[in-house]
Amino acid sequence: MTPQTAKRINIAGLAITLFTLFCAIIWAFPIYWGIISSLKPEDEVIRPYIELWPDTLTFQHYWFALTETQIGKWYINSIATAVGVTILTVSTSMFVGYAISQLRFPLRQPLYWLILASFMVPTQTLIINHFVLIANMGLLNTWAGIILPQLIHPVAIIVYKQFFDQVPRDFREAAVMDNAGEFRVLFKVYMPMNWGVTTALSIVTFIWSWNAFLWPFLAVTKTEMMTITVGITQVNDAFGVYYARQLSAAVLAGFPVALAYLLFQRRVTQAITLSAGIKG
Amino acid sequence: MAEISLNNVSKSFGSVNVINDVSLTVDAGELLVFLGPSGSGKSTLLRMIAGLETIDSGTLTIGGVESQNLAPGQRNVAMVFQNYALYPHMTVRDNMAFGLKNIKLPASEIDKRVADAARILEMESLLDRRPSQLSGGQRQRVAIGRAIVKEPAAFLFDEPLSNLDAALRVRTRVEISELHQRIKSTMIYVTHDQTEAMTLGDRIVVLNDCKIEQIGTPMDVYTYPASRFVAGFIGSPAMNFLKVEMSGSGDSMVATLGDGSRVSLTITVPGSGQYELGIRPEAVRVTDGKGDTSGTAKVVEHLGDRTLVYVALKDGTQITAQDTGRSTLVAGDQVNLTFDTSQLHLFDESGKAYHSH
Ligand SMILES: Nc1ncnc2c1ncn2[C@@H]1O[C@H](COP(=O)(O)OP(=O)(O)OP(=O)(O)O)[C@@H](O)[C@H]1O
Ligand SMILES: [Mg+2]
């Protein structure tokens, strides 16, 4: 490599770095702004000009959100429903993905096409049907009511199928020769060989379900049954909107997800690449 | 130890008939080799015995039990795969124990069998490693160990050595042979390598185009190949094939080679006319005397114990001959060749073989 080319590469690298940094700032600024605003007194928040640091730092809004609202219950509802959705989605997808990938049964291919096709239907278009159905089942304002419609998750099935397809056939045959039934093959061979997918799918499903708003908003009318995303819209009173309060509640709502993301960063990236790859 | 027999079995993949009406018996305790070129149906036949492929028609008995409809696990056979198929997330110990846990053997029995197998295969120190921490040869042993612990009625090997380097292949081949002598179990061994087949097999089944060409001991197959295909496939360097015109009758038949030289044979064929004469390089000797025919040495290969001479006869026919290890021939020399007439074969148009007697 000549010095010139080295320099050119350096300049290109620098430009890319600066551009990435710029994008990162644009992306991160609203988060910074949200956190900063939640730490300002309400009158400071509504001042018309941009102040990057509060004049008076206050935790009063957090105190309000934590003591004057039902945020504890909302957390519990969110955790319960998101964990429920995650476990049910991942476990059913694992079985369906395995069956479609490894078992030979009539109508296997049409079934797969059906699952692929269901992928094309946006959940929002079904939301009225879901509401009527769940209402008829008497499940409004229950965890089950929040969970059930969120279980439609063909991506997880497709991801599992793709991964199971890639396991060399020898392993399955060796296990079959080793007297393993289908459940043993799935749980002792295929799942352990694909733990990465399972963790990645679990995290993504959890985050997705934690952040779900539209359906939980419709399915729940009682304050104590709300999930946190729905609950934070309730942090106002008869006198109108308090921006700082809402922002503090939003920060609290996002906190567990941010934590999960930080802990499993690499897996999440992997999962997003996975599902992006499949969505094409 | 169990006898395995296939009776008139057939198998099609879709509309393609792959195995057609094959019958075959593997004696109890025998090491039988399926030998054939790629695509000849060796693996398919083995997998039909294992239960990994269904048998469309005909019967399979293993140790006297009719097995064609049993699940693979119930056939009491163990298979060693070409790519080993060791479970990557399990230790060597767990790999070997997996099949035993599946049939719910008591833990003490599992431990004992795993320990025994590890001792037989000299891999006690590897038990707590994972497959990724093993060399190719060690993985091969684990794969064999996984079969041994099941104490099966028969072992099935599908090209188990093809992923090893040449030296290790020879060593492992010897080890498999020793293992067979020690545990005296029935084994079926699939390979496309005729040296492996010759050295390992009690008997060899030569397959071509999904049909059995010949079943016999290695020496039988080598000395009395049943067809033109077997003659050409077995032996290295390969047998020479020369177009000849047969004349005469009974015990005094004469073959006329392309270059006009005449060789009297002790082979009886039904009629005169066009045949192919088959003769192995070691039966074609370079001689100082007059010989049966003569030609020009094109290439001389010194192998130490013997010398291979590639000779072009006057009509251009190529023939591989053998000379002593200390041969002083060089390319371009004129050589006289004699045929050992006790080791001659004739093949008619259909490939059917006639041997010297
Ligand atoms: N699942 C299958 N579907 C269709 N045809 C198959 C299938 N498996 C094998 N065949 C065909 O059956 C024939 C025999 O294949 P087989 O695998 O038994 O050959 P082989 O002798 O083991 O060859 P190799 O030495 O390459 O392993 C081949 O012509 C192959 O194309
Ligand atoms: Mg094969």
# chains A, B, ... in the order shown; residues from 1 in each chain; ligands from 1
>>> residues_near_ligand(ligand="ligand 2", cutoff="12 Å", atoms="only C-alpha atoms and all ligand atoms", output="PyMOL selection string")
chain B and resi 34-47+81-83+157-160+162+189-193+207+210
>>> interface_residues(of="chain A", to="chain B", cutoff="8 Å", atoms="only C-alpha atoms", output="PyMOL selection string")
chain A and resi 170-171+173-180+189+192-193
>>> write_last_selection(atoms="N, CA and C atoms", output="compact mmCIF listing (two decimals), in the first residue's frame")
# COMPACT_ATOMS: atom_id res chain seq x y z
N ASP A 170 -27.65 -35.34 8.74
CA ASP A 170 -26.96 -36.38 9.50
C ASP A 170 -27.33 -36.37 10.98
N PHE A 171 -27.48 -35.17 11.55
CA PHE A 171 -27.74 -35.09 12.99
C PHE A 171 -29.08 -35.71 13.33
N GLU A 173 -30.61 -37.93 11.56
CA GLU A 173 -30.55 -39.37 11.32
C GLU A 173 -29.80 -40.07 12.44
N ALA A 174 -28.71 -39.44 12.91
CA ALA A 174 -27.97 -40.03 14.01
C ALA A 174 -28.87 -40.14 15.24
N ALA A 175 -29.66 -39.10 15.49
CA ALA A 175 -30.54 -39.11 16.66
C ALA A 175 -31.63 -40.17 16.50
N VAL A 176 -32.14 -40.29 15.29
CA VAL A 176 -33.16 -41.30 15.05
C VAL A 176 -32.58 -42.71 15.26
N MET A 177 -31.35 -42.92 14.78
CA MET A 177 -30.68 -44.21 15.00
C MET A 177 -30.44 -44.40 16.49
N ASP A 178 -30.29 -43.30 17.22
CA ASP A 178 -30.06 -43.35 18.66
C ASP A 178 -31.36 -43.48 19.44
N ASN A 179 -32.45 -43.85 18.75
CA ASN A 179 -33.70 -44.11 19.44
C ASN A 179 -34.38 -42.87 20.01
N ALA A 180 -34.02 -41.70 19.52
CA ALA A 180 -34.65 -40.49 20.04
C ALA A 180 -35.97 -40.26 19.33
N VAL A 189 -31.38 -32.05 20.50
CA VAL A 189 -30.45 -31.83 19.40
C VAL A 189 -30.69 -30.49 18.70
N PRO A 192 -30.75 -27.14 21.28
CA PRO A 192 -29.42 -26.74 21.78
C PRO A 192 -28.50 -26.27 20.66
N MET A 193 -28.68 -26.80 19.46
CA MET A 193 -27.82 -26.36 18.37
C MET A 193 -28.24 -24.99 17.86
>>> select_by_dssp(residues="stretch 106-195 of chain B", states="alpha helix (DSSP H)", output="PyMOL selection string")
chain B and resi 107-120+136-148+166-183+194-195
>>> closest_residue(among="A:Val132, A:Met226, A:Val90, A:Ile158", to="A:Ala200", atoms="only C-alpha atoms")
A:Val90
>>> closest_residue(among="B:Ser108, B:Thr25, B:Thr195, B:Ser5", to="B:Gly64", atoms="only C-alpha atoms")
B:Ser5
>>> residues_around(residues="B:Ser23", least_positions_apart="5", cutoff="12 Å", atoms="only C-alpha atoms", output="list of chain:residue names")
B:Ile4, B:Ser5, B:Leu6, B:Asn7, B:Asn8, B:Val9, B:Ser10, B:Leu45, B:Ser57, B:Gly58, B:Thr59, B:Leu60, B:Thr61, B:Val205, B:Lys211, B:Ile212, B:Gln214, B:Ile215
>>> closest_residue(among="A:Pro41, A:Pro168, A:Gly72, A:Pro106", to="A:Thr58", atoms="only C-alpha atoms")
A:Pro41
>>> residues_around(residues="B:Ala117", least_positions_apart="2", cutoff="9 Å", atoms="only C-alpha atoms", output="list in words")
Met96, Lys112, Arg113, Val114, Ala115, Arg119, Ile120, Leu121, Glu122, Met123, Glu124, Ile144, Gly145, Arg146, Ile148 and Val149 of chain B
>>> residues_around(residues="A:Asp43", least_positions_apart="5", cutoff="10 Å", atoms="only C-alpha atoms", output="MDAnalysis selection string")
chainID A and resid 242:244
>>> write_last_selection(atoms="N, CA, C and O atoms", output="PDB file, in the first residue's frame")
ATOM      1  N   TYR A 242     -49.397  17.424  31.467  1.00  0.00           N
ATOM      2  CA  TYR A 242     -48.134  17.845  32.061  1.00  0.00           C
ATOM      3  C   TYR A 242     -47.015  17.135  31.304  1.00  0.00           C
ATOM      4  O   TYR A 242     -46.824  15.941  31.485  1.00  0.00           O
ATOM      5  N   TYR A 243     -46.313  17.881  30.485  1.00  0.00           N
ATOM      6  CA  TYR A 243     -45.321  17.238  29.620  1.00  0.00           C
ATOM      7  C   TYR A 243     -44.239  16.537  30.431  1.00  0.00           C
ATOM      8  O   TYR A 243     -43.866  15.405  30.158  1.00  0.00           O
ATOM      9  N   ALA A 244     -43.729  17.208  31.406  1.00  0.00           N
ATOM     10  CA  ALA A 244     -42.621  16.633  32.158  1.00  0.00           C
ATOM     11  C   ALA A 244     -43.038  15.334  32.843  1.00  0.00           C
ATOM     12  O   ALA A 244     -42.299  14.354  32.862  1.00  0.00           O
TER      13      ALA A 244
END
>>> closest_residue(among="A:Gln246, A:Thr89, A:Thr198, A:Ser38", to="A:Val230", atoms="only C-alpha atoms")
A:Gln246
